[in-house]
Every structure is written in C-alpha cells, then in structure tokens.
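Visitor: What follows is start-v6.cif; its format and atoms are mmCIF, C-alpha atoms.
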```cif
data_data
loop_
_atom_site.group_PDB
_atom_site.id
_atom_site.type_symbol
_atom_site.label_atom_id
_atom_site.label_comp_id
_atom_site.auth_asym_id
_atom_site.auth_seq_id
_atom_site.Cartn_x
_atom_site.Cartn_y
_atom_site.Cartn_z
ATOM 1 C CA MET T 89 121.152 124.685 88.607
ATOM 2 C CA GLY T 90 121.996 125.894 92.101
ATOM 3 C CA ARG T 91 118.992 124.105 93.585
ATOM 4 C CA LEU T 92 119.849 120.904 91.733
ATOM 5 C CA LYS T 93 123.395 121.005 93.140
ATOM 6 C CA LYS T 94 122.044 121.439 96.669
ATOM 7 C CA LEU T 95 119.744 118.452 96.202
ATOM 8 C CA GLN T 96 122.658 116.428 94.820
ATOM 9 C CA GLN T 97 124.721 117.314 97.875
ATOM 10 C CA ALA T 98 121.876 116.287 100.168
ATOM 11 C CA VAL T 99 121.543 112.963 98.389
ATOM 12 C CA THR T 100 125.297 112.365 98.542
ATOM 13 C CA THR T 101 125.361 113.161 102.251
ATOM 14 C CA GLU T 102 122.538 110.728 102.963
ATOM 15 C CA ARG T 103 123.783 107.908 100.745
ATOM 16 C CA ASN T 104 127.579 108.163 101.103
ATOM 17 C CA ALA T 105 127.696 105.266 103.573
ATOM 18 C CA THR T 106 125.357 103.001 101.580
ATOM 19 C CA TRP T 107 126.285 100.582 98.808
ATOM 20 C CA VAL T 108 123.526 99.939 96.262
ATOM 21 C CA VAL T 109 123.768 96.624 94.399
ATOM 22 C CA TYR T 110 121.504 95.945 91.391
ATOM 23 C CA THR T 111 120.716 92.377 90.355
ATOM 24 C CA PRO T 112 118.234 90.854 87.869
ATOM 25 C CA GLU T 113 116.664 88.854 90.698
ATOM 26 C CA SER T 114 113.229 90.044 91.802
ATOM 27 C CA GLN T 115 113.184 91.798 95.180
ATOM 28 C CA LEU T 116 109.965 89.955 96.016
ATOM 29 C CA ARG T 117 111.999 86.771 96.429
ATOM 30 C CA HIS T 118 113.407 88.282 99.622
ATOM 31 C CA PRO T 119 110.487 90.139 101.255
ATOM 32 C CA VAL T 120 112.234 90.677 104.599
ATOM 33 C CA ARG T 121 115.244 92.230 102.896
ATOM 34 C CA LEU T 122 112.932 94.356 100.750
ATOM 35 C CA LEU T 123 111.063 95.694 103.779
ATOM 36 C CA ARG T 124 114.310 96.448 105.590
ATOM 37 C CA THR T 125 115.629 98.335 102.575
ATOM 38 C CA MET T 126 112.384 100.280 102.265
ATOM 39 C CA TRP T 127 112.512 101.262 105.934
ATOM 40 C CA ARG T 128 116.201 102.218 105.667
ATOM 41 C CA ASP T 129 115.552 104.425 102.641
ATOM 42 C CA LEU T 130 112.522 105.983 104.318
ATOM 43 C CA LEU T 131 114.701 107.097 107.229
ATOM 44 C CA ALA T 132 117.516 108.185 104.909
ATOM 45 C CA SER T 133 115.184 110.367 102.841
ATOM 46 C CA ARG T 134 114.127 112.703 105.660
ATOM 47 C CA GLU T 135 116.659 115.480 105.011
ATOM 48 C CA LEU T 136 116.090 115.456 101.267
ATOM 49 C CA ALA T 137 112.309 115.405 101.808
ATOM 50 C CA TRP T 138 112.622 118.495 104.002
ATOM 51 C CA ARG T 139 114.615 120.322 101.316
ATOM 52 C CA LEU T 140 112.047 119.382 98.670
ATOM 53 C CA LEU T 141 109.210 120.489 100.937
ATOM 54 C CA VAL T 142 110.768 123.908 101.573
ATOM 55 C CA ARG T 143 111.508 124.331 97.865
ATOM 56 C CA ASP T 144 107.970 123.403 96.763
ATOM 57 C CA ILE T 145 106.196 125.572 99.343
ATOM 58 C CA SER T 146 108.450 128.542 98.606
ATOM 59 C CA ALA T 147 107.899 128.207 94.858
ATOM 60 C CA LYS T 148 104.164 127.761 95.254
ATOM 61 C CA TYR T 149 103.544 130.898 97.287
ATOM 62 C CA ARG T 150 106.261 133.026 95.667
ATOM 63 C CA GLN T 151 104.539 132.685 92.299
ATOM 64 C CA SER T 152 101.038 133.337 93.676
ATOM 65 C CA PHE T 153 99.617 136.849 94.128
ATOM 66 C CA LEU T 154 96.967 135.783 96.671
ATOM 67 C CA GLY T 155 99.224 133.288 98.440
ATOM 68 C CA ILE T 156 97.589 131.322 101.252
ATOM 69 C CA ILE T 157 94.211 132.906 100.485
ATOM 70 C CA TRP T 158 93.791 130.251 97.785
ATOM 71 C CA ALA T 159 93.428 127.699 100.570
ATOM 72 C CA PHE T 160 90.239 129.479 101.685
ATOM 73 C CA ILE T 161 88.652 130.371 98.354
ATOM 74 C CA PRO T 162 87.336 126.917 97.190
ATOM 75 C CA PRO T 163 85.504 126.077 100.471
ATOM 76 C CA ILE T 164 84.048 129.580 100.750
ATOM 77 C CA VAL T 165 82.908 129.736 97.105
ATOM 78 C CA THR T 166 81.407 126.234 97.255
ATOM 79 C CA ALA T 167 79.602 126.993 100.511
ATOM 80 C CA ALA T 168 78.259 130.291 99.177
ATOM 81 C CA GLY T 169 76.984 128.682 95.971
ATOM 82 C CA PHE T 170 75.239 125.753 97.634
ATOM 83 C CA THR T 171 73.847 127.934 100.429
ATOM 84 C CA LEU T 172 72.241 130.225 97.846
ATOM 85 C CA ALA T 173 70.922 127.233 95.899
ATOM 86 C CA LYS T 174 69.513 125.693 99.091
ATOM 87 C CA SER T 175 67.871 128.897 100.304
ATOM 88 C CA GLY T 176 66.393 129.464 96.841
ATOM 89 C CA GLY T 177 64.924 125.958 96.738
ATOM 90 C CA VAL T 178 67.037 124.936 93.768
ATOM 91 C CA VAL T 179 68.497 121.959 95.666
ATOM 92 C CA ASN T 180 67.179 120.063 98.663
ATOM 93 C CA VAL T 181 70.095 118.601 100.599
ATOM 94 C CA GLY T 182 68.222 117.821 103.797
ATOM 95 C CA ASN T 183 69.097 118.821 107.339
ATOM 96 C CA THR T 184 72.660 118.947 108.591
ATOM 97 C CA ASP T 185 73.930 118.750 112.166
ATOM 98 C CA LEU T 186 75.840 122.032 111.643
ATOM 99 C CA PRO T 187 74.842 125.383 110.129
ATOM 100 C CA TYR T 188 74.871 124.616 106.422
ATOM 101 C CA PRO T 189 77.595 127.119 105.352
ATOM 102 C CA ALA T 190 79.865 125.787 108.112
ATOM 103 C CA TYR T 191 79.007 122.209 107.160
ATOM 104 C CA VAL T 192 80.044 122.733 103.533
ATOM 105 C CA MET T 193 83.186 124.758 104.272
ATOM 106 C CA PHE T 194 84.437 122.277 106.864
ATOM 107 C CA SER T 195 83.658 119.306 104.620
ATOM 108 C CA MET T 196 85.321 120.973 101.623
ATOM 109 C CA ALA T 197 88.491 121.560 103.654
ATOM 110 C CA LEU T 198 88.590 117.841 104.485
ATOM 111 C CA TRP T 199 87.805 116.860 100.885
ATOM 112 C CA GLN T 200 90.576 119.110 99.577
ATOM 113 C CA THR T 201 93.010 117.424 101.957
ATOM 114 C CA PHE T 202 92.020 113.979 100.652
ATOM 115 C CA VAL T 203 92.386 115.094 97.021
ATOM 116 C CA GLU T 204 95.792 116.625 97.761
ATOM 117 C CA ALA T 205 96.871 113.317 99.328
ATOM 118 C CA LEU T 206 95.692 111.458 96.219
ATOM 119 C CA ASN T 207 97.332 113.869 93.775
ATOM 120 C CA GLY T 208 100.509 114.363 95.807
ATOM 121 C CA PRO T 209 102.453 111.222 94.773
ATOM 122 C CA VAL T 210 101.387 111.579 91.129
ATOM 123 C CA GLN T 211 102.394 115.227 90.968
ATOM 124 C CA GLY T 212 105.577 114.602 92.939
ATOM 125 C CA VAL T 213 106.845 111.961 90.518
ATOM 126 C CA ALA T 214 105.867 114.057 87.490
ATOM 127 C CA GLU T 215 107.628 117.141 88.861
ATOM 128 C CA ALA T 216 110.768 115.204 89.812
ATOM 129 C CA LYS T 217 111.355 113.571 86.413
ATOM 130 C CA ALA T 218 114.542 115.505 85.707
ATOM 131 C CA MET T 219 115.971 114.753 89.127
ATOM 132 C CA LEU T 220 114.975 111.085 88.945
ATOM 133 C CA ALA T 221 116.743 110.707 85.620
ATOM 134 C CA ARG T 222 119.990 112.254 86.890
ATOM 135 C CA ILE T 223 120.318 111.427 90.583
ATOM 136 C CA ASN T 224 120.049 108.195 92.526
ATOM 137 C CA PHE T 225 118.180 108.965 95.748
ATOM 138 C CA PRO T 226 115.465 107.339 97.896
ATOM 139 C CA ARG T 227 112.188 107.754 96.007
ATOM 140 C CA GLU T 228 110.375 107.942 99.334
ATOM 141 C CA ALA T 229 111.673 111.507 99.695
ATOM 142 C CA ILE T 230 109.195 112.630 97.029
ATOM 143 C CA ILE T 231 106.267 111.142 98.941
ATOM 144 C CA LEU T 232 107.400 112.470 102.321
ATOM 145 C CA ALA T 233 107.761 115.969 100.859
ATOM 146 C CA LYS T 234 104.237 115.842 99.462
ATOM 147 C CA LEU T 235 102.851 114.576 102.779
ATOM 148 C CA GLY T 236 104.529 117.485 104.521
ATOM 149 C CA GLU T 237 102.957 119.875 102.019
ATOM 150 C CA ILE T 238 99.521 118.339 102.625
ATOM 151 C CA PHE T 239 99.701 118.888 106.377
ATOM 152 C CA PHE T 240 101.156 122.368 105.861
ATOM 153 C CA ASN T 241 98.184 123.254 103.660
ATOM 154 C CA PHE T 242 95.753 121.822 106.197
ATOM 155 C CA GLY T 243 97.414 123.941 108.871
ATOM 156 C CA ILE T 244 96.452 126.968 106.795
ATOM 157 C CA LYS T 245 92.901 125.645 106.441
ATOM 158 C CA LEU T 246 92.732 125.427 110.243
ATOM 159 C CA ILE T 247 92.497 129.219 110.269
ATOM 160 C CA LEU T 248 89.249 128.931 108.295
ATOM 161 C CA ILE T 249 87.980 126.112 110.534
ATOM 162 C CA LEU T 250 88.696 128.094 113.707
ATOM 163 C CA GLY T 251 86.868 131.031 112.145
ATOM 164 C CA LEU T 252 83.840 128.781 111.520
ATOM 165 C CA PHE T 253 83.715 127.719 115.175
ATOM 166 C CA ILE T 254 83.849 131.339 116.303
ATOM 167 C CA TRP T 255 81.465 132.832 113.708
ATOM 168 C CA PHE T 256 78.774 130.167 114.027
ATOM 169 C CA LYS T 257 79.335 129.682 117.787
ATOM 170 C CA MET T 258 79.800 125.953 117.346
ATOM 171 C CA PRO T 259 80.382 124.045 120.617
ATOM 172 C CA VAL T 260 83.725 122.359 121.221
ATOM 173 C CA THR T 261 83.667 118.825 122.653
ATOM 174 C CA TRP T 262 86.464 116.694 124.098
ATOM 175 C CA SER T 263 86.382 114.466 120.995
ATOM 176 C CA ILE T 264 88.047 117.226 118.969
ATOM 177 C CA ILE T 265 91.431 115.961 120.220
ATOM 178 C CA LEU T 266 90.764 112.698 118.319
ATOM 179 C CA ALA T 267 89.881 114.431 115.051
ATOM 180 C CA PRO T 268 93.550 114.592 113.881
ATOM 181 C CA VAL T 269 93.735 110.780 114.156
ATOM 182 C CA ALA T 270 90.771 110.405 111.798
ATOM 183 C CA LEU T 271 92.294 113.041 109.513
ATOM 184 C CA ILE T 272 95.520 111.021 109.289
ATOM 185 C CA HIS T 273 93.471 107.985 108.250
ATOM 186 C CA LEU T 274 91.840 110.088 105.518
ATOM 187 C CA VAL T 275 95.279 111.172 104.290
ATOM 188 C CA MET T 276 96.449 107.533 104.385
ATOM 189 C CA LEU T 277 93.611 106.519 102.074
ATOM 190 C CA GLY T 278 94.460 109.259 99.585
ATOM 191 C CA THR T 279 98.182 108.460 99.717
ATOM 192 C CA PHE T 280 97.448 104.757 99.195
ATOM 193 C CA LEU T 281 95.550 105.503 95.994
ATOM 194 C CA GLY T 282 98.077 108.115 94.882
ATOM 195 C CA LEU T 283 101.023 105.742 95.331
ATOM 196 C CA LEU T 284 99.315 103.144 93.134
ATOM 197 C CA LEU T 285 98.781 105.725 90.406
ATOM 198 C CA ALA T 286 102.141 107.529 90.719
ATOM 199 C CA PRO T 287 104.216 105.283 88.407
ATOM 200 C CA VAL T 288 101.697 105.602 85.568
ATOM 201 C CA GLY T 289 101.250 109.309 86.262
ATOM 202 C CA GLY T 290 104.994 109.763 85.946
ATOM 203 C CA LEU T 291 104.911 108.386 82.397
ATOM 204 C CA TYR T 292 101.818 110.095 80.983
ATOM 205 C CA LYS T 293 101.071 113.780 81.570
ATOM 206 C CA ASP T 294 97.382 113.525 80.708
ATOM 207 C CA PHE T 295 96.906 111.059 83.568
ATOM 208 C CA SER T 296 96.630 113.974 86.011
ATOM 209 C CA MET T 297 93.750 115.396 83.969
ATOM 210 C CA GLY T 298 91.917 112.091 84.303
ATOM 211 C CA ILE T 299 92.369 112.184 88.072
ATOM 212 C CA THR T 300 90.938 115.722 88.136
ATOM 213 C CA LEU T 301 87.843 114.572 86.242
ATOM 214 C CA ALA T 302 87.436 111.509 88.464
ATOM 215 C CA THR T 303 87.726 113.471 91.717
ATOM 216 C CA GLY T 304 85.255 116.043 90.395
ATOM 217 C CA LEU T 305 82.648 113.281 90.013
ATOM 218 C CA TRP T 306 83.761 111.645 93.265
ATOM 219 C CA LEU T 307 83.008 114.875 95.143
ATOM 220 C CA PHE T 308 79.293 114.531 94.401
ATOM 221 C CA LEU T 309 79.314 110.933 95.617
ATOM 222 C CA THR T 310 80.741 112.017 98.983
ATOM 223 C CA PRO T 311 78.717 113.737 101.752
ATOM 224 C CA VAL T 312 80.464 117.085 101.411
ATOM 225 C CA VAL T 313 77.558 119.324 100.406
ATOM 226 C CA PHE T 314 74.836 116.981 101.679
ATOM 227 C CA PRO T 315 74.426 114.654 104.686
ATOM 228 C CA VAL T 316 74.742 110.898 104.364
ATOM 229 C CA PRO T 317 71.502 109.702 102.686
ATOM 230 C CA SER T 318 69.211 107.750 104.984
ATOM 231 C CA GLY T 319 67.434 105.906 102.161
ATOM 232 C CA GLU T 320 68.407 102.608 100.568
ATOM 233 C CA GLY T 321 68.329 103.758 96.948
ATOM 234 C CA VAL T 322 71.148 103.354 94.451
ATOM 235 C CA PHE T 323 72.637 106.761 95.206
ATOM 236 C CA GLY T 324 72.472 106.236 98.963
ATOM 237 C CA THR T 325 74.156 102.838 98.623
ATOM 238 C CA ILE T 326 76.968 104.310 96.497
ATOM 239 C CA VAL T 327 77.572 107.079 99.037
ATOM 240 C CA LYS T 328 77.649 104.642 101.951
ATOM 241 C CA PHE T 329 80.073 102.288 100.181
ATOM 242 C CA ASN T 330 82.267 105.204 99.127
ATOM 243 C CA PRO T 331 85.483 104.604 101.142
ATOM 244 C CA VAL T 332 85.965 108.328 101.731
ATOM 245 C CA THR T 333 82.556 108.670 103.403
ATOM 246 C CA PRO T 334 83.251 107.065 106.820
ATOM 247 C CA LEU T 335 86.667 108.720 107.156
ATOM 248 C CA LEU T 336 85.528 112.223 106.194
ATOM 249 C CA VAL T 337 82.295 112.016 108.177
ATOM 250 C CA THR T 338 84.033 110.670 111.290
ATOM 251 C CA THR T 339 86.668 113.417 111.145
ATOM 252 C CA ARG T 340 83.917 116.025 110.898
ATOM 253 C CA GLU T 341 81.879 114.444 113.683
ATOM 254 C CA LEU T 342 84.843 114.162 116.058
ATOM 255 C CA ALA T 343 85.642 117.826 115.505
ATOM 256 C CA THR T 344 82.057 119.032 115.998
ATOM 257 C CA THR T 345 79.281 116.927 117.514
ATOM 258 C CA GLY T 346 81.397 114.175 119.079
ATOM 259 C CA VAL T 347 78.838 111.539 118.006
ATOM 260 C CA ILE T 348 80.266 108.956 115.577
ATOM 261 C CA SER T 349 77.569 107.630 113.262
ATOM 262 C CA ASP T 350 79.535 104.784 111.641
ATOM 263 C CA PRO T 351 82.436 103.557 113.819
ATOM 264 C CA VAL T 352 82.488 100.117 112.167
ATOM 265 C CA GLY T 353 82.812 101.571 108.675
ATOM 266 C CA PHE T 354 85.513 103.941 109.897
ATOM 267 C CA TRP T 355 87.715 101.162 111.282
ATOM 268 C CA ILE T 356 87.152 98.885 108.282
ATOM 269 C CA VAL T 357 88.221 101.568 105.812
ATOM 270 C CA SER T 358 91.091 102.626 108.091
ATOM 271 C CA GLY T 359 92.394 99.042 108.092
ATOM 272 C CA ILE T 360 92.088 98.900 104.309
ATOM 273 C CA ALA T 361 93.902 102.238 104.010
ATOM 274 C CA LEU T 362 96.788 101.106 106.235
ATOM 275 C CA GLY T 363 97.206 97.731 104.530
ATOM 276 C CA GLY T 364 96.752 99.323 101.116
ATOM 277 C CA LEU T 365 99.372 101.956 101.904
ATOM 278 C CA ILE T 366 101.985 99.289 102.649
ATOM 279 C CA PHE T 367 101.014 97.367 99.502
ATOM 280 C CA ALA T 368 101.098 100.535 97.374
ATOM 281 C CA TRP T 369 104.499 101.453 98.819
ATOM 282 C CA ILE T 370 105.874 98.081 97.672
ATOM 283 C CA VAL T 371 104.320 98.528 94.206
ATOM 284 C CA TYR T 372 105.745 102.034 93.995
ATOM 285 C CA ARG T 373 109.143 100.776 95.088
ATOM 286 C CA LEU T 374 109.225 97.994 92.493
ATOM 287 C CA ALA T 375 107.778 100.056 89.645
ATOM 288 C CA MET T 376 109.920 103.193 89.921
ATOM 289 C CA PRO T 377 113.102 101.688 88.384
ATOM 290 C CA PHE T 378 111.107 100.865 85.222
ATOM 291 C CA VAL T 379 109.544 104.347 85.214
ATOM 292 C CA ILE T 380 112.976 105.967 85.545
ATOM 293 C CA GLU T 381 114.299 103.805 82.710
ATOM 294 C CA ARG T 382 111.447 104.972 80.469
ATOM 295 C CA ILE T 383 111.822 108.683 81.250
ATOM 296 C CA SER T 384 115.612 108.505 80.886
ATOM 297 C CA SER T 385 115.527 106.951 77.436
#
```
For the file at hand, write its structure as structure tokens.
Guide:
Amino acid sequence: MGRLKKLQQAVTTERNATWVVYTPESQLRHPVRLLRTMWRDLLASRELAWRLLVRDISAKYRQSFLGIIWAFIPPIVTAAGFTLAKSGGVVNVGNTDLPYPAYVMFSMALWQTFVEALNGPVQGVAEAKAMLARINFPREAIILAKLGEIFFNFGIKLILILGLFIWFKMPVTWSIILAPVALIHLVMLGTFLGLLLAPVGGLYKDFSMGITLATGLWLFLTPVVFPVPSGEGVFGTIVKFNPVTPLLVTTRELATTGVISDPVGFWIVSGIALGGLIFAWIVYRLAMPFVIERISS
C-alpha cells in the first residue's frame, strides 16, 4: 500500500495542473491535438516512469538469489551448447567472422535485448492492471519504465561483451561508437511490436505464453547461432526477410568488424521501425481506455 500511495502522489504532482476532458468524439478527428496530447503526456510521465523503473529493478533483483548473473547465463549456456554441437559435428553452421563462442554470446545478448523490448510493453500493462484501474496517469510511463529497464539490463550485458573482447582478443574499430545507434533501432523494432500487442496482452494472461513460443521459433530464423545464409533457398530467404536480421547483424558488425553487409536493409527496417513505433503509440493510446474499462469491470 505504501508504494501505491507514493505512485499516487507522483501522479498527482505531475497532473495537478492538467484538466482531462472526456468526450465521445474520436480523437482521430483531431490528429494534431492528439499528437500534442501524446507528447505532453510523454513529458509528464518521466517522474512516474523513473519511480516505476526503480521499483521494478529493485523487486527483480531483491527476489533473485543470483541477481545480475542471470543476464549472463542464457548467452553463455547457448554458446556452450552450440559450440559443443559444432565441434562434435552435430550441426554445421558455417564460418563466422568472429570466434564462434563469442559470435553466439554477443548475438544472444542482442537477441535478448530485442525480446525484452517486445515483451516489455505487454508485461508492463499486465503488471500495472491494479494501478490502471485505480489511478488516472499517463500510460506512457509504463512504456518508458520498461525501456529504462531494457537499457539497464543491456548495461549489465556489456560486462559480458567487454569480457568477450578481452578473452578472444577481438580488435576494436572506430565503428563501435555507432553500434549503440543500431542497437536503439533494434529496440525500436521490438517496442513497436510490443506496443501493438500490449492492449491484448493486458486482457489475456495466456497471450504472454504465445509470445514466448513465437520468439522461441523466431530465434532460429534469426542469425544468432549461425551466419546469414548465402544461398537462395526457402530458409535463406526467410532469414533475409526477417526484420530483425539487418538490425541485429548491423549492430554486431559495427561493434566488431566495422564492415556492414546490408546497409540498405538496415535503413529500410529502421524506417519501418520508426514509423511503426509512432503508429503503434497511437494505437496503444486509443486502445488503453477500452482495456482499462474491461479490467475495471
């Protein structure tokens, strides 16, 4: 109850100078006004988003025995398993431009970040049901808090990535300073998809399980444990048209070799991610009142 009161106080502080008027008229009839309101609420939600971020991170690591070590375990276990399978001839993944264990661990860290960006809005809305039903606050605070958690988690993964560069003596090129830009584009794509799914995920608990199954299959259609196929078969075509592929691969290439293999695909998907993020934000904004009505009844 104490935490809920603090959040209520934060919301009151942020919204005490704002009058909210509800009308039956669709907000899409006034797109300029809608965009201005969205931007205003985005700015107003910063303090509440920070409080939610601190609360979520504290709860996450307070209830975990291994703490931040969990950020390292999935990439290391995946890399160990596929390295053993590759050395034993069980799988033939082809040649990679990095030592294979480093290739898999680095790629898994990027893939985890994308999946967290996709799951973040869905989980945020599901976790905030009680607060949504009781308090009127900018819904953007939930998304901003999850974005902050994503970059916090990636900051922890940077420890593993730095260890890879040192252990495998990987060269550092000037292009590494551009890698965060590509990473942001990867997070934008995940957030775009997550925002579209968040309203439905807030209504049905089993929706998150479906996302877990889908991302599990999606992993094996993304060049995480194998390089981008050079052939023109069905599988190679699916991997190349996978929207995650150019963003993840470009981030990895900027951080390591400095040679971008698909700049056109990167910018096309980045444009789609940016435009889709704005569209998904509008959908999220319009759908949340109906979601709140359903969960409050």
Visitor: On this file, the PyMOL selection byres ((chain T and resi 293) around 12) gives some set of residues; write that set as a PyMOL selection string.
Guide: chain T and resi 210-211+213-215+217+286-292+294-299+383
Visitor: If the PyMOL selection byres ((chain T and resi 278-282) around 10) were run on this exact file, what residues would it hold? Put them as a PyMOL selection string.
Guide: chain T and resi 201-211+231+234-235+272-277+283-287+289+299+332+360-369+372
Visitor: Distance CA of Ala267 in chain T-CA of Leu130 in chain T, one decimal place?
Guide: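 Value for the CA of Ala267 in chain T-CA of Leu130 in chain T distance: 26.4 Å.
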Visitor: Report, in Å to a single decimal, how far apart CA of Thr333 in chain T and CA of Pro311 in chain T are.
Guide: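 Result for CA of Pro311 in chain T versus CA of Thr333 in chain T: 6.6 Å, one decimal.
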Visitor: Name the closest residue to Leu220 in chain T among the candidates T:Phe354, T:Phe378, T:Phe240, T:Trp306; distances are taken between atoms, counting only C-alpha atoms.
Guide: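 For Leu220 in chain T, the nearest of the given residues is T:Phe378.
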Visitor: Expressed in Å to a single decimal, how great is the separation between CA of Ala197 in chain T and CA of Ile247 in chain T?
Guide: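 So the answer is 10.9 Å.
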Visitor: Could you tell me which of T:Asp350, T:Ile380, T:Phe314, T:Leu136 comes closest to Ala218 in chain T if we count all atoms listed in the file?
Guide: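 Smallest distance to Ala218 in chain T is found for T:Ile380.
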Visitor: Which residue out of T:Ala190, T:Asn241, T:Leu309, T:Met196 has the minimum interatomic distance to Ile254 in chain T when all atoms listed in the file are used?
Guide: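 Of the candidates, the smallest distance to Ile254 in chain T is held by T:Ala190.
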Visitor: Give me, as JSON, numbers by chain, all polymer residues having an atom no more than 12 Å from Pro162 in chain T, counting all atoms listed in the file and skipping those fewer than 5 positions away in the same chain.
Guide: {"T": [156, 157, 167, 168, 169, 192, 193, 194, 195, 196, 197, 198, 199, 200, 245, 248]}
